[in-house]
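> What follows is run_36.txt, compact mmCIF, C-alpha atoms and all ligand atoms.
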```txt
# COMPACT_ATOMS: atom_id res chain seq x y z
CA MET Z 1 -22.54 -4.30 -30.94
CA THR Z 2 -19.48 -6.47 -30.59
CA ARG Z 3 -16.31 -4.55 -30.30
CA LEU Z 4 -13.66 -6.04 -32.47
CA ARG Z 5 -10.20 -4.96 -31.36
CA PRO Z 6 -7.75 -7.60 -32.47
CA GLN Z 7 -5.06 -7.45 -29.81
CA VAL Z 8 -2.69 -9.63 -31.71
CA ARG Z 9 -2.30 -9.11 -35.39
CA ALA Z 10 0.22 -10.96 -37.45
CA ILE Z 11 3.04 -8.80 -38.72
CA SER Z 12 4.07 -9.71 -42.25
CA PRO Z 13 6.73 -12.45 -41.97
CA ALA Z 14 8.70 -10.67 -44.70
CA LEU Z 15 9.41 -7.75 -42.37
CA ILE Z 16 12.70 -7.76 -40.49
CA LEU Z 17 12.30 -5.98 -37.17
CA GLU Z 18 15.20 -7.32 -35.13
CA ASP Z 19 18.79 -8.42 -35.59
CA PHE Z 20 19.32 -6.57 -38.81
CA ILE Z 21 22.70 -5.39 -39.99
CA ASP Z 22 21.87 -2.14 -41.74
CA ASP Z 23 19.33 -0.05 -43.62
CA GLU Z 24 20.28 1.41 -46.98
CA GLU Z 25 18.29 3.94 -48.96
CA ILE Z 26 18.25 2.58 -52.46
CA GLY Z 27 15.94 4.97 -54.27
CA LEU Z 28 13.36 7.72 -54.16
CA LEU Z 29 9.78 6.44 -54.43
CA LYS Z 30 8.12 9.80 -54.52
CA SER Z 31 9.04 13.37 -53.88
CA GLY Z 32 6.37 15.71 -52.54
CA LYS Z 33 5.86 19.18 -51.11
CA GLU Z 34 5.63 17.91 -47.56
CA ALA Z 35 7.63 14.70 -47.65
CA ASP Z 36 9.83 12.45 -49.76
CA VAL Z 37 9.39 8.70 -49.63
CA TYR Z 38 12.48 6.53 -50.06
CA LEU Z 39 12.84 2.85 -50.72
CA VAL Z 40 15.04 1.23 -48.09
CA ARG Z 41 16.68 -2.16 -48.09
CA ARG Z 42 17.08 -3.66 -44.62
CA ARG Z 43 19.67 -6.38 -44.50
CA ALA Z 44 19.96 -9.20 -41.99
CA ALA Z 45 22.40 -12.11 -41.96
CA ALA Z 46 20.45 -14.42 -44.21
CA ARG Z 47 17.85 -12.24 -45.88
CA SER Z 48 16.71 -8.74 -46.57
CA CYS Z 49 13.46 -6.83 -46.91
CA LEU Z 50 12.25 -3.58 -48.42
CA LEU Z 51 10.87 -0.74 -46.31
CA ALA Z 52 9.53 2.72 -47.07
CA ALA Z 53 11.04 5.75 -45.31
CA LYS Z 54 8.81 8.82 -45.38
CA ARG Z 55 11.01 11.82 -44.61
CA TYR Z 56 9.40 15.18 -44.01
CA VAL Z 57 10.80 18.27 -45.64
CA ASP Z 58 12.87 20.45 -43.32
CA PRO Z 59 10.59 22.66 -41.18
CA ASP Z 60 12.39 25.79 -42.40
CA GLU Z 61 11.28 25.02 -45.92
CA ARG Z 62 7.71 23.99 -45.32
CA ALA Z 63 4.69 26.21 -45.62
CA PHE Z 64 2.45 24.52 -42.98
CA LYS Z 65 -0.40 26.56 -44.35
CA SER Z 66 -3.22 24.14 -43.69
CA ASN Z 67 -2.06 23.14 -40.23
CA ALA Z 68 -4.50 24.97 -38.00
CA ARG Z 69 -7.76 23.06 -38.44
CA TYR Z 70 -6.12 19.67 -38.00
CA PHE Z 71 -4.55 20.60 -34.70
CA ALA Z 72 -7.20 22.99 -33.40
CA HIS Z 73 -8.08 20.42 -30.73
CA GLU Z 74 -4.55 20.67 -29.34
CA ARG Z 75 -4.43 24.42 -28.92
CA GLY Z 76 -2.96 25.52 -25.62
CA ASP Z 77 -5.01 28.65 -25.24
CA GLY Z 78 -8.42 27.63 -26.50
CA PHE Z 79 -11.13 25.43 -25.10
CA VAL Z 80 -11.37 22.00 -26.55
CA ARG Z 81 -13.48 19.00 -25.87
CA ASP Z 82 -11.80 16.11 -24.18
CA GLY Z 83 -13.76 12.91 -24.19
CA GLY Z 84 -16.78 15.11 -24.77
CA ASP Z 85 -16.98 16.76 -21.40
CA ARG Z 86 -13.73 18.07 -19.99
CA ARG Z 87 -11.63 20.98 -21.11
CA ARG Z 88 -7.90 20.88 -21.27
CA ALA Z 89 -4.88 22.64 -22.71
CA VAL Z 90 -2.21 20.63 -24.46
CA ALA Z 91 0.50 23.03 -25.60
CA GLY Z 92 1.83 25.65 -23.21
CA ARG Z 93 1.06 29.28 -23.93
CA ASN Z 94 4.55 30.10 -25.15
CA THR Z 95 4.65 27.11 -27.45
CA GLN Z 96 1.26 28.06 -28.84
CA LYS Z 97 2.49 31.59 -29.48
CA ALA Z 98 5.56 30.24 -31.29
CA ILE Z 99 3.33 28.01 -33.41
CA ASP Z 100 0.97 30.86 -34.27
CA GLN Z 101 3.83 33.16 -35.20
CA ARG Z 102 5.57 30.43 -37.19
CA SER Z 103 8.86 31.21 -35.48
CA ARG Z 104 11.70 28.79 -36.01
CA HIS Z 105 10.84 27.02 -32.78
CA GLY Z 106 7.15 27.06 -33.70
CA ARG Z 107 7.81 25.46 -37.07
CA ALA Z 108 9.94 22.78 -35.45
CA VAL Z 109 7.09 22.02 -33.02
CA ILE Z 110 4.55 21.70 -35.84
CA HIS Z 111 6.97 19.52 -37.81
CA ASP Z 112 7.35 17.15 -34.86
CA ARG Z 113 3.62 17.06 -34.27
CA TRP Z 114 2.91 15.90 -37.81
CA ILE Z 115 5.44 13.11 -37.54
CA ASP Z 116 4.32 12.11 -34.02
CA ASN Z 117 0.73 12.13 -35.15
CA GLU Z 118 1.41 9.99 -38.20
CA TRP Z 119 3.43 7.57 -36.08
CA ASN Z 120 0.77 7.27 -33.36
CA VAL Z 121 -2.12 7.05 -35.78
CA LEU Z 122 -0.44 4.34 -37.86
CA GLY Z 123 0.12 2.28 -34.70
CA THR Z 124 -3.44 2.75 -33.48
CA LEU Z 125 -4.93 1.88 -36.86
CA TRP Z 126 -2.66 -1.08 -37.38
CA ARG Z 127 -3.71 -2.52 -34.00
CA ALA Z 128 -7.35 -1.89 -34.84
CA GLY Z 129 -7.03 -4.05 -37.95
CA VAL Z 130 -6.97 -1.28 -40.54
CA ASN Z 131 -4.82 -2.12 -43.53
CA VAL Z 132 -2.09 0.47 -43.09
CA PRO Z 133 1.65 -0.13 -43.52
CA TYR Z 134 3.14 -1.46 -40.28
CA PRO Z 135 5.01 1.40 -38.56
CA VAL Z 136 8.56 0.16 -38.04
CA GLU Z 137 10.39 3.13 -36.55
CA ARG Z 138 9.86 6.79 -35.73
CA LEU Z 139 12.77 8.48 -37.48
CA GLN Z 140 13.99 11.89 -36.50
CA ASP Z 141 12.51 13.39 -39.66
CA GLY Z 142 9.78 10.90 -40.47
CA ILE Z 143 8.66 7.32 -40.37
CA LEU Z 144 10.08 4.02 -41.46
CA MET Z 145 7.27 1.66 -42.40
CA GLU Z 146 6.29 -1.48 -44.20
CA TYR Z 147 6.70 -1.10 -47.95
CA VAL Z 148 3.79 -1.99 -50.21
CA GLY Z 149 4.97 -3.41 -53.50
CA ASP Z 150 7.72 -5.72 -54.68
CA GLU Z 151 11.24 -5.57 -56.06
CA GLU Z 152 9.99 -4.39 -59.45
CA GLN Z 153 7.46 -1.78 -58.52
CA ALA Z 154 5.81 0.05 -55.67
CA ALA Z 155 2.06 -0.36 -55.29
CA PRO Z 156 0.18 2.13 -57.47
CA ARG Z 157 -2.17 4.64 -55.97
CA LEU Z 158 -5.79 3.66 -56.45
CA ALA Z 159 -6.17 6.73 -58.68
CA ASN Z 160 -3.60 5.33 -61.11
CA ALA Z 161 -4.24 1.61 -60.72
CA ARG Z 162 -5.77 -0.61 -63.39
CA VAL Z 163 -9.04 -1.70 -61.88
CA GLU Z 164 -11.56 -3.98 -63.56
CA ARG Z 165 -15.21 -3.22 -63.11
CA ALA Z 166 -15.74 -6.61 -61.51
CA GLN Z 167 -13.29 -5.70 -58.74
CA LEU Z 168 -15.08 -2.54 -57.68
CA ARG Z 169 -17.63 -4.01 -55.28
CA GLY Z 170 -14.93 -5.94 -53.41
CA LEU Z 171 -12.71 -2.88 -53.21
CA PHE Z 172 -15.57 -0.77 -51.92
CA ASP Z 173 -16.30 -3.37 -49.23
CA GLN Z 174 -12.65 -3.22 -48.20
CA LEU Z 175 -12.80 0.55 -48.04
CA ARG Z 176 -15.87 0.40 -45.79
CA GLU Z 177 -14.26 -2.13 -43.45
CA ASN Z 178 -11.10 -0.03 -43.22
CA LEU Z 179 -13.12 3.09 -42.47
CA LYS Z 180 -15.02 1.21 -39.79
CA GLY Z 181 -11.59 0.50 -38.29
CA PHE Z 182 -10.95 4.24 -38.21
CA ALA Z 183 -14.28 4.67 -36.43
CA ARG Z 184 -13.40 1.99 -33.86
CA SER Z 185 -10.19 3.90 -33.21
CA GLY Z 186 -11.98 7.22 -32.88
CA LEU Z 187 -10.11 8.67 -35.83
CA VAL Z 188 -10.89 10.38 -39.12
CA HIS Z 189 -8.30 10.27 -41.92
CA ALA Z 190 -9.05 13.83 -43.07
CA ASP Z 191 -7.10 13.64 -46.34
CA LEU Z 192 -8.56 10.51 -47.86
CA SER Z 193 -8.68 10.27 -51.63
CA PRO Z 194 -7.70 7.71 -54.28
CA TYR Z 195 -4.21 9.28 -54.08
CA ASN Z 196 -3.78 8.17 -50.47
CA VAL Z 197 -4.93 4.61 -51.02
CA LEU Z 198 -2.61 2.03 -52.56
CA LEU Z 199 -3.72 -1.11 -54.36
CA TRP Z 200 -1.57 -4.21 -54.27
CA ASP Z 201 -2.58 -7.83 -54.85
CA GLU Z 202 -6.26 -6.87 -54.71
CA LEU Z 203 -5.76 -5.31 -51.29
CA LEU Z 204 -6.34 -1.67 -50.42
CA TRP Z 205 -3.78 0.04 -48.20
CA ILE Z 206 -4.58 3.33 -46.54
CA ILE Z 207 -1.60 5.69 -46.26
CA ASP Z 208 -0.65 9.30 -45.47
CA VAL Z 209 -2.21 9.89 -42.05
CA PRO Z 210 -0.26 12.77 -40.39
CA GLN Z 211 -3.35 14.99 -40.42
CA ALA Z 212 -5.76 12.37 -39.03
CA VAL Z 213 -7.89 13.82 -36.24
CA PRO Z 214 -9.63 12.37 -33.17
CA TYR Z 215 -13.31 12.36 -33.98
CA LEU Z 216 -14.59 13.54 -30.65
CA GLU Z 217 -12.09 16.27 -29.97
CA ASN Z 218 -11.69 17.97 -33.31
CA LEU Z 219 -14.66 20.16 -34.11
CA ASP Z 220 -14.16 19.79 -37.87
CA ALA Z 221 -13.89 16.00 -37.80
CA THR Z 222 -17.44 15.43 -39.06
CA GLU Z 223 -16.78 17.68 -42.03
CA PHE Z 224 -13.48 15.92 -42.75
CA LEU Z 225 -15.21 12.55 -42.60
CA HIS Z 226 -17.84 13.72 -45.05
CA ARG Z 227 -15.17 15.01 -47.43
CA ASP Z 228 -13.19 11.74 -47.17
CA VAL Z 229 -16.21 9.62 -47.95
CA THR Z 230 -17.33 11.88 -50.79
CA ASN Z 231 -13.85 11.80 -52.41
CA MET Z 232 -13.81 8.02 -52.36
CA CYS Z 233 -17.39 7.51 -53.50
CA THR Z 234 -16.93 9.98 -56.36
CA TRP Z 235 -14.07 7.82 -57.62
CA PHE Z 236 -16.06 4.58 -57.27
CA ASN Z 237 -19.05 6.16 -59.00
CA ARG Z 238 -16.90 7.39 -61.85
CA LYS Z 239 -15.48 3.90 -62.29
CA GLY Z 240 -19.01 2.54 -62.57
CA LEU Z 241 -19.97 1.34 -59.10
CA ALA Z 242 -23.22 2.65 -57.72
CA CYS Z 243 -22.43 3.65 -54.13
CA ASP Z 244 -23.98 6.30 -51.96
CA ALA Z 245 -21.60 8.62 -50.13
CA GLU Z 246 -24.32 9.84 -47.76
CA ASP Z 247 -25.17 6.28 -46.85
CA LEU Z 248 -21.56 5.38 -46.03
CA PHE Z 249 -21.16 8.67 -44.16
CA ALA Z 250 -24.23 7.89 -42.04
CA THR Z 251 -22.94 4.38 -41.28
CA LEU Z 252 -19.56 5.70 -40.18
CA LEU Z 253 -21.03 8.53 -38.14
CA SER Z 254 -23.18 6.13 -36.23
CA GLU Z 255 -20.18 3.83 -35.64
CA GLN Z 256 -18.18 6.77 -34.31
CA PHE Z 257 -21.04 7.70 -32.04
CA ASP Z 258 -21.60 4.18 -30.72
CA TYR Z 259 -17.94 3.55 -30.04
CA ARG Z 260 -17.39 6.93 -28.40
CA MET Z 261 -20.37 6.39 -26.11
CA GLU Z 262 -18.96 3.00 -25.22
CA ASP Z 263 -15.52 4.53 -24.54
CA ARG Z 264 -16.98 7.09 -22.18
CA PHE Z 265 -19.05 4.47 -20.49
CA HIS Z 266 -15.98 2.35 -19.77
CA ALA Z 267 -13.88 5.38 -18.83
CA LYS Z 268 -16.36 6.10 -16.09
CA GLY Z 269 -15.94 2.59 -14.75
CA LEU Z 270 -19.51 1.64 -15.47
CA GLY Z 271 -19.52 -2.08 -16.03
CA SER Z 272 -22.73 -3.74 -17.12
CA THR Z 273 -23.57 -4.97 -13.60
CA HIS Z 274 -23.16 -1.47 -12.28
CA VAL Z 275 -25.63 -0.16 -14.82
CA ARG Z 276 -28.27 -2.65 -13.87
CA SER Z 277 -28.02 -1.74 -10.21
CA CYS Z 278 -27.87 2.00 -10.74
CA PRO Z 279 -31.23 3.59 -10.00
CA ASN Z 280 -30.56 6.60 -12.19
CA TRP Z 281 -30.34 4.63 -15.39
N1 LIG Z 301 4.46 2.28 -47.42
C1 LIG Z 301 4.54 2.61 -48.70
N2 LIG Z 301 4.77 1.66 -49.65
C2 LIG Z 301 4.85 2.01 -50.96
N3 LIG Z 301 4.71 3.27 -51.42
C3 LIG Z 301 4.48 4.26 -50.52
C4 LIG Z 301 4.37 3.98 -49.13
N4 LIG Z 301 4.14 5.14 -48.47
C5 LIG Z 301 4.10 6.09 -49.42
N5 LIG Z 301 4.29 5.59 -50.65
C6 LIG Z 301 4.34 6.33 -51.92
O1 LIG Z 301 4.75 7.65 -51.65
C7 LIG Z 301 3.72 8.57 -52.00
C8 LIG Z 301 3.68 9.71 -51.01
O2 LIG Z 301 3.38 9.24 -49.72
P1 LIG Z 301 2.30 9.96 -48.82
O3 LIG Z 301 2.34 9.30 -47.47
O4 LIG Z 301 0.99 9.97 -49.52
O5 LIG Z 301 2.90 11.43 -48.66
P2 LIG Z 301 2.52 12.83 -49.32
O6 LIG Z 301 1.28 12.67 -50.17
O7 LIG Z 301 2.29 13.72 -48.15
O8 LIG Z 301 3.72 13.22 -50.12
C9 LIG Z 301 2.46 7.74 -52.06
O9 LIG Z 301 1.51 8.29 -52.95
C10 LIG Z 301 2.96 6.41 -52.55
O10 LIG Z 301 3.10 6.42 -53.95
MG MG Z 302 -0.31 11.47 -50.11
```
Using the file provided, produce a representation of the structure as structure tokens.
Ligand SMILES: Nc1ncnc2c1ncn2[C@@H]1O[C@H](COP(=O)(O)OP(=O)(O)O)[C@@H](O)[C@H]1O
Ligand SMILES: [Mg+2]


Amino acid sequence: MTRLRPQVRAISPALILEDFIDDEEIGLLKSGKEADVYLVRRRAAARSCLLAAKRYVDPDERAFKSNARYFAHERGDGFVRDGGDRRRAVAGRNTQKAIDQRSRHGRAVIHDRWIDNEWNVLGTLWRAGVNVPYPVERLQDGILMEYVGDEEQAAPRLANARVERAQLRGLFDQLRENLKGFARSGLVHADLSPYNVLLWDELLWIIDVPQAVPYLENLDATEFLHRDVTNMCTWFNRKGLACDAEDLFATLLSEQFDYRMEDRFHAKGLGSTHVRSCPNW
């Protein structure tokens, strides 16, 4: 297996990342229970660009009801797998207690975790070649990212997009390649559906990743992966493309497994020459 990890990936030339004058929120793209997404115009001396600012709802007003399973691998008081064979605690005991009791401090910690996770996951996926919006800045209450769409309209969600039957095979191939990118990165989206995929100029964009989990560490990751794949294949099937969710699931599981074995192998400093000379192998 050749490991494809593009180290350098071209950032869209339309994006302004330096020497800008200001950012102005010019409209609300979508308001949700967990977050609102605003359209932002970033101005520089000679040009401007549009960005999307996803701002999470204030932690005092959020329910955080489905938080536990997505962060179970970060519990401070439980045993979790780390790289498959070590055990570690991430949060301190007091922090974990605050989280469990949903105290003010606990809610603020959860709030920050979601944003940090979305920020880190977007960066990891972007570097791995997955078509996600480029993460521009970690805001205090959310994330500023590449905007998908144009001056007239934001990219529709796949669920609401006009899709011709002839496009379906190509879109499914894109989905599979993107999901292989998740596997290379050791991640599972865990909330994938045609509502969290945008379609613009024939390209699929995967969005909304705050709940993404590391495959090896989160004990529910396999179940999340199966649900993700089933959601997407159900949509493709309904649109008229024959695709097999179990088949895609099996492909992605085996990619996760291969890459994770390779990660552990490298983490232990076992280069290929070492393996050949090691009598125990
Ligand atoms: N980068 C983006 N470019 C264009 N539209 C976006 C972008 N990010 C989010 N949106 C729009 O905002 C909606 C909500 O964003 P999402 O990340 O799915 O948050 P949530 O579903 O948690 O509210 C999306 O369905 C999409 O319509
Ligand atoms: Mg969403």

> What residues have any atom no more than 8 Å from ligand LIG 301 (chain Z) when counting all atoms listed in the file, and can you list them as a PyMOL selection string?

chain Z and resi 29-38+51-54+133+145-149+154-157+195-198+207-209

> Selected residues, C-alpha atoms, written as a PDB file, in the frame of the given file, please.


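What ended up in out.pdb:
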```pdb
ATOM      1  CA  LEU Z  29       9.780   6.440 -54.430  1.00  0.00           C
ATOM      2  CA  LYS Z  30       8.120   9.800 -54.520  1.00  0.00           C
ATOM      3  CA  SER Z  31       9.040  13.370 -53.880  1.00  0.00           C
ATOM      4  CA  GLY Z  32       6.370  15.710 -52.540  1.00  0.00           C
ATOM      5  CA  LYS Z  33       5.860  19.180 -51.110  1.00  0.00           C
ATOM      6  CA  GLU Z  34       5.630  17.910 -47.560  1.00  0.00           C
ATOM      7  CA  ALA Z  35       7.630  14.700 -47.650  1.00  0.00           C
ATOM      8  CA  ASP Z  36       9.830  12.450 -49.760  1.00  0.00           C
ATOM      9  CA  VAL Z  37       9.390   8.700 -49.630  1.00  0.00           C
ATOM     10  CA  TYR Z  38      12.480   6.530 -50.060  1.00  0.00           C
ATOM     11  CA  LEU Z  51      10.870  -0.740 -46.310  1.00  0.00           C
ATOM     12  CA  ALA Z  52       9.530   2.720 -47.070  1.00  0.00           C
ATOM     13  CA  ALA Z  53      11.040   5.750 -45.310  1.00  0.00           C
ATOM     14  CA  LYS Z  54       8.810   8.820 -45.380  1.00  0.00           C
ATOM     15  CA  PRO Z 133       1.650  -0.130 -43.520  1.00  0.00           C
ATOM     16  CA  MET Z 145       7.270   1.660 -42.400  1.00  0.00           C
ATOM     17  CA  GLU Z 146       6.290  -1.480 -44.200  1.00  0.00           C
ATOM     18  CA  TYR Z 147       6.700  -1.100 -47.950  1.00  0.00           C
ATOM     19  CA  VAL Z 148       3.790  -1.990 -50.210  1.00  0.00           C
ATOM     20  CA  GLY Z 149       4.970  -3.410 -53.500  1.00  0.00           C
ATOM     21  CA  ALA Z 154       5.810   0.050 -55.670  1.00  0.00           C
ATOM     22  CA  ALA Z 155       2.060  -0.360 -55.290  1.00  0.00           C
ATOM     23  CA  PRO Z 156       0.180   2.130 -57.470  1.00  0.00           C
ATOM     24  CA  ARG Z 157      -2.170   4.640 -55.970  1.00  0.00           C
ATOM     25  CA  TYR Z 195      -4.210   9.280 -54.080  1.00  0.00           C
ATOM     26  CA  ASN Z 196      -3.780   8.170 -50.470  1.00  0.00           C
ATOM     27  CA  VAL Z 197      -4.930   4.610 -51.020  1.00  0.00           C
ATOM     28  CA  LEU Z 198      -2.610   2.030 -52.560  1.00  0.00           C
ATOM     29  CA  ILE Z 207      -1.600   5.690 -46.260  1.00  0.00           C
ATOM     30  CA  ASP Z 208      -0.650   9.300 -45.470  1.00  0.00           C
ATOM     31  CA  VAL Z 209      -2.210   9.890 -42.050  1.00  0.00           C
TER      32      VAL Z 209
END
```

> Around all the atoms of stretch 13-17 of chain Z listed in the file, with 6 Å of room on each side, what axis-aligned box do you get, giving centre and edge lengths in Å to one decimal, as AutoDock Vina command-line options?


```
--center_x 9.7 --center_y -9.2 --center_z -40.9 --size_x 18.0 --size_y 18.5 --size_z 19.5
```

> If you count all atoms listed in the file, which residues fall within 9 Å of Z:Tyr259, apart from same-chain ones fewer than 6 positions away, as a PDB file with C-alpha atoms, keeping the file's coordinate frame?


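The result, written out as selection.pdb:
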```pdb
ATOM      1  CA  ARG Z   3     -16.310  -4.550 -30.300  1.00  0.00           C
ATOM      2  CA  ALA Z 183     -14.280   4.670 -36.430  1.00  0.00           C
ATOM      3  CA  ARG Z 184     -13.400   1.990 -33.860  1.00  0.00           C
ATOM      4  CA  SER Z 185     -10.190   3.900 -33.210  1.00  0.00           C
ATOM      5  CA  GLY Z 186     -11.980   7.220 -32.880  1.00  0.00           C
TER       6      GLY Z 186
END
```

> Identify which of the residues Z:Asp191, Z:Glu223, Z:Asp263, Z:Glu25 lies closest to ligand MG 302 (chain Z), counting all atoms listed in the file when measuring atom-to-atom distances.

Z:Asp191

> Which residues, written as a PDB file with C-alpha atoms, in the frame of the given file, have at least one atom at most 12 Å from Z:Ala98, with all atoms listed in the file counted and residues fewer than 5 positions away on the same chain left out?


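Listed below is the output, around.pdb:
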```pdb
ATOM      1  CA  ARG Z  75      -4.430  24.420 -28.920  1.00  0.00           C
ATOM      2  CA  GLY Z  76      -2.960  25.520 -25.620  1.00  0.00           C
ATOM      3  CA  ALA Z  91       0.500  23.030 -25.600  1.00  0.00           C
ATOM      4  CA  GLY Z  92       1.830  25.650 -23.210  1.00  0.00           C
ATOM      5  CA  ARG Z  93       1.060  29.280 -23.930  1.00  0.00           C
ATOM      6  CA  SER Z 103       8.860  31.210 -35.480  1.00  0.00           C
ATOM      7  CA  ARG Z 104      11.700  28.790 -36.010  1.00  0.00           C
ATOM      8  CA  HIS Z 105      10.840  27.020 -32.780  1.00  0.00           C
ATOM      9  CA  GLY Z 106       7.150  27.060 -33.700  1.00  0.00           C
ATOM     10  CA  ARG Z 107       7.810  25.460 -37.070  1.00  0.00           C
ATOM     11  CA  ALA Z 108       9.940  22.780 -35.450  1.00  0.00           C
ATOM     12  CA  VAL Z 109       7.090  22.020 -33.020  1.00  0.00           C
ATOM     13  CA  ILE Z 110       4.550  21.700 -35.840  1.00  0.00           C
TER      14      ILE Z 110
END
```

> Need to verify the contact set: Z:Ala45, 12 Å, only C-alpha atoms, exclusion of same-chain residues closer than 4 positions in sequence. Can you return it as a list in words?

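What passes the distance filter is Ile16, Glu18, Asp19, Phe20, Ile21, Asp22 and Cys49 of chain Z.
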
> Can I get the selected residues back with C-alpha atoms, as a compact mmCIF listing (two decimals), in the frame of the given file?


```
# COMPACT_ATOMS: atom_id res chain seq x y z
CA ILE Z 16 12.70 -7.76 -40.49
CA GLU Z 18 15.20 -7.32 -35.13
CA ASP Z 19 18.79 -8.42 -35.59
CA PHE Z 20 19.32 -6.57 -38.81
CA ILE Z 21 22.70 -5.39 -39.99
CA ASP Z 22 21.87 -2.14 -41.74
CA CYS Z 49 13.46 -6.83 -46.91
```

> Between Z:Ala212, Z:Leu171, Z:Leu241, Z:Leu192, which is the closest to ligand MG 302 (chain Z) once you count only C-alpha atoms and all ligand atoms?

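Checking each candidate against ligand MG 302 (chain Z), we get Z:Leu192 as the closest.
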
> Please provide as a PDB file with C-alpha atoms, in the coordinates of the input all residues within 9 Å of Z:Asp141, with the sequence filter that same-chain residues fewer than 2 positions apart are discarded (counting all atoms listed in the file).


```pdb
ATOM      1  CA  LYS Z  54       8.810   8.820 -45.380  1.00  0.00           C
ATOM      2  CA  ARG Z  55      11.010  11.820 -44.610  1.00  0.00           C
ATOM      3  CA  TYR Z  56       9.400  15.180 -44.010  1.00  0.00           C
ATOM      4  CA  VAL Z  57      10.800  18.270 -45.640  1.00  0.00           C
ATOM      5  CA  ASP Z  58      12.870  20.450 -43.320  1.00  0.00           C
ATOM      6  CA  HIS Z 111       6.970  19.520 -37.810  1.00  0.00           C
ATOM      7  CA  ASP Z 112       7.350  17.150 -34.860  1.00  0.00           C
ATOM      8  CA  ILE Z 115       5.440  13.110 -37.540  1.00  0.00           C
ATOM      9  CA  ARG Z 138       9.860   6.790 -35.730  1.00  0.00           C
ATOM     10  CA  LEU Z 139      12.770   8.480 -37.480  1.00  0.00           C
ATOM     11  CA  ILE Z 143       8.660   7.320 -40.370  1.00  0.00           C
TER      12      ILE Z 143
END
```

> Looking at only C-alpha atoms, which of Z:Ala245, Z:Leu17, Z:Leu199, Z:Val229 is the one that sits closest to Z:Arg42?

Z:Leu17

> Let me make sure I understand: among Z:Tyr215, Z:Gln96, Z:Pro13, Z:Val121, which one has the smallest atom-to-atom distance to Z:Phe257 if we use only C-alpha atoms?

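Checking each of Z:Tyr215, Z:Gln96, Z:Pro13, Z:Val121 against Z:Phe257, counting only C-alpha atoms, the winner is Z:Tyr215.
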
> I'd like to know which of Z:Ala72, Z:Leu219, Z:Leu39, Z:Ala190 is closest to ligand MG 302 (chain Z), using all atoms listed in the file.

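Checking each candidate against ligand MG 302 (chain Z), we get Z:Ala190 as the closest.
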
> Please determine, counting only C-alpha atoms and all ligand atoms, which residue among Z:Val188, Z:Ala68, Z:Ile206, Z:Val136 has the shortest atom-to-atom distance to ligand MG 302 (chain Z).

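That would be Z:Ile206, the residue with the smallest distance to ligand MG 302 (chain Z).
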
> Can you tell me how far atom CA of Z:Arg165 sits from atom CA of Z:Asp228, in Å to one decimal?

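Atom CA of Z:Asp228 lies 22.0 Å from atom CA of Z:Arg165.
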
> Quote the spacing between atom CA of Z:Leu252 and atom CA of Z:Asn160 in Å to one decimal place.

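Atom CA of Z:Leu252 sits 26.3 Å away from atom CA of Z:Asn160.
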
> What does the structure give for the distance between atom CA of Z:Arg9 and atom CA of Z:Arg127, in Å to one decimal?

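Computing the Euclidean distance for atom CA of Z:Arg9 and atom CA of Z:Arg127 yields 6.9 Å.
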
> So that I can check the surroundings of Z:Asp247, please list as an mmCIF file with C-alpha atoms, in the coordinates of the input every protein, DNA and RNA residue that reaches within 12 Å of it, counting all atoms listed in the file and ignoring chain neighbours fewer than 6 positions away.


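Saved the output as around_11.cif:
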```cif
data_model
loop_
_atom_site.group_PDB
_atom_site.id
_atom_site.type_symbol
_atom_site.label_atom_id
_atom_site.label_comp_id
_atom_site.auth_asym_id
_atom_site.auth_seq_id
_atom_site.Cartn_x
_atom_site.Cartn_y
_atom_site.Cartn_z
ATOM 1 C CA ARG Z 176 -15.870 0.400 -45.790
ATOM 2 C CA HIS Z 226 -17.840 13.720 -45.050
ATOM 3 C CA VAL Z 229 -16.210 9.620 -47.950
ATOM 4 C CA THR Z 230 -17.330 11.880 -50.790
ATOM 5 C CA CYS Z 233 -17.390 7.510 -53.500
ATOM 6 C CA LEU Z 253 -21.030 8.530 -38.140
ATOM 7 C CA SER Z 254 -23.180 6.130 -36.230
#
```

> Keeping C-alpha atoms, write stretch 229-240 of chain Z of the structure just shown out as a PDB file, in the first residue's frame.


```
ATOM      1  CA  VAL Z 229     -21.674   5.002   5.308  1.00  0.00           C
ATOM      2  CA  THR Z 230     -25.253   3.753   5.576  1.00  0.00           C
ATOM      3  CA  ASN Z 231     -26.640   7.326   5.636  1.00  0.00           C
ATOM      4  CA  MET Z 232     -24.756   8.218   2.490  1.00  0.00           C
ATOM      5  CA  CYS Z 233     -25.480   5.008   0.593  1.00  0.00           C
ATOM      6  CA  THR Z 234     -29.183   5.238   1.447  1.00  0.00           C
ATOM      7  CA  TRP Z 235     -29.248   8.646  -0.236  1.00  0.00           C
ATOM      8  CA  PHE Z 236     -27.352   7.408  -3.312  1.00  0.00           C
ATOM      9  CA  ASN Z 237     -29.613   4.372  -3.571  1.00  0.00           C
ATOM     10  CA  ARG Z 238     -32.716   6.517  -3.332  1.00  0.00           C
ATOM     11  CA  LYS Z 239     -31.395   8.729  -6.117  1.00  0.00           C
ATOM     12  CA  GLY Z 240     -30.963   5.662  -8.305  1.00  0.00           C
TER      13      GLY Z 240
END
```
